[in-house]
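Undergrad: Please read through the structure below; I'll follow up with questions.
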Amino acid sequence: MTESDVVIRAVGEDEPVERLSSAFARLVPQLSSSSPPSADTLAEIIANINSVLFVAEREGQIVGSLTLATYRIPTGLKAIIEDVVVDEDARGLGIGESLSRAAIEEARRRGAKDVTLSSRPEREAANRLYVRIGFERRNTNVYRMTL
Ligand SMILES: CC(C)(COP(=O)(O)OP(=O)(O)OC[C@H]1O[C@@H](n2cnc3c(N)ncnc32)[C@H](O)[C@@H]1OP(=O)(O)O)[C@@H](O)C(=O)NCCC(=O)NCCS
């Protein structure tokens, strides 16, 4: 199995969400302790013009995903990559890289000047991947308030 057997694509609004739902039920636990998205949530993401859900497919199975979010602020168009995950059995084939590059291209096409993402240091494969494809670590403080 090589990277060329993998198709990367943005999910369209006409796509049935049931298949996506079962893919996310498998992928999300490999990414976070959050609950996998419901079919309605997936439909909402797909319908939202400010988010693009990318999937990687291999032999007709969804084996990876990420979401690109864009929004306009006074100083420009922001682009953020979130929820990057590749199925454990499909890692190390460049799928994470291909998904990221597809999202970067879409951000460029939409007019963003840069793309932001964050990754905890213990996510070693992810941090290596992002640096390898050209992301630079920013010296900034990231704050979060739990609501
Ligand atoms: C981070 C992640 C998306 C990368 O996906 P991927 O398709 O394996 O990515 P790539 O193949 O493009 O590169 C992954 C790196 O892991 C290495 N790797 C190789 N085999 C691997 C395996 N079986 N398992 C994990 N990593 C492997 C690759 O060699 C590569 O290392 P390098 O950058 O030093 O060359 C995937 O490991 C993952 O889903 N991790 C769990 C969730 C996560 O951390 N998401 C990121 C949130 S910020």
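By order of appearance in the structure tokens: chains A, B, ..., then residues from 1 within every chain, and ligands from 1 in the order shown.
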Tell me, as a list in words, which residues lie within 7 Å of range 95-98 of chain A, counting only C-alpha atoms; anything in the same chain fewer than 2 positions away does not count.

TA: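 The residues that qualify are Glu3, Val86, Leu93, Ser100, Arg101, Ala102 and Leu129 of chain A.
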
Undergrad: Give me, as a PyMOL selection string, all polymer residues having an atom no more than 9 Å from range 116-128 of chain A, counting only C-alpha atoms and skipping those fewer than 6 positions away in the same chain.

TA: chain A and resi 78-82+84+96+135

Undergrad: To one decimal place in Å, what is the distance between CA of Gly76 in chain A and atom 47 (C, counted along the ligand's line) of ligand 1?

TA: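 Result for CA of Gly76 in chain A versus atom 47 (C, counted along the ligand's line) of ligand 1: 25.1 Å, one decimal.
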
Undergrad: Between A:Glu18, A:Asp5, A:Glu59, A:Asp89, which one has atoms that come closest to ligand 1, using only C-alpha atoms and all ligand atoms?

TA: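 Nearest candidate to ligand 1 out of A:Glu18, A:Asp5, A:Glu59, A:Asp89: A:Asp89.
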
Undergrad: Please extract the residues of chain A with a backbone DSSP assignment of helix (DSSP H, G or I) and present them as a ChimeraX atom specification.

TA: /A:3-5,17-30,39-47,88-90,95-110,124-132

Undergrad: Set the distance at 10 Å and use only C-alpha atoms: which residues neighbour range 65-73 of chain A once local chain neighbours fewer than 3 positions away are removed? I'd like the list as a PyMOL selection string.

TA: chain A and resi 8-10+23-24+27-28+45-46+48-57+62+76-87+95-96+99-100+102-104+106-107+110-112+115-117

Undergrad: Just the number, please: distance in Å from atom 37 (O, counted along the ligand's line) of ligand 1 to CA of Val17 in chain A, one decimal.

TA: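 Between atom 37 (O, counted along the ligand's line) of ligand 1 and CA of Val17 in chain A the gap works out to 24.5 Å.
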
Undergrad: What lies within 9 Å of Ala43 in chain A using only C-alpha atoms, ignoring chain neighbours under 4 positions off, as a list in words?

TA: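 Contacts, in chain order: Glu13, Pro16, Val17, Ser38, Ala39, Ala47 and Asn48 of chain A.
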
Undergrad: Could you check which of A:Leu31, A:Val7, A:Leu147, A:Leu20 is closest to ligand 1, using only C-alpha atoms and all ligand atoms?

TA: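 The shortest atom-to-atom distance to ligand 1 comes from A:Leu31.
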
Undergrad: For a test of reading the model, state the distance in Å between atom 12 (O, counted along the ligand's line) of ligand 1 and CA of Val11 in chain A, rounded to one decimal.

TA: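 We find that atom 12 (O, counted along the ligand's line) of ligand 1 and CA of Val11 in chain A lie 20.3 Å from each other.
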
Undergrad: With distances taken over only C-alpha atoms and all ligand atoms, which of A:Arg58, A:Arg91, A:Arg26, A:Arg19 is nearest to ligand 1?

TA: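 The answer is A:Arg91, which sits nearest to ligand 1.
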
Undergrad: Nearest to ligand 1: which of A:Gln30, A:Pro36, A:Ser22, A:Glu44 is it, counting only C-alpha atoms and all ligand atoms?

TA: A:Gln30
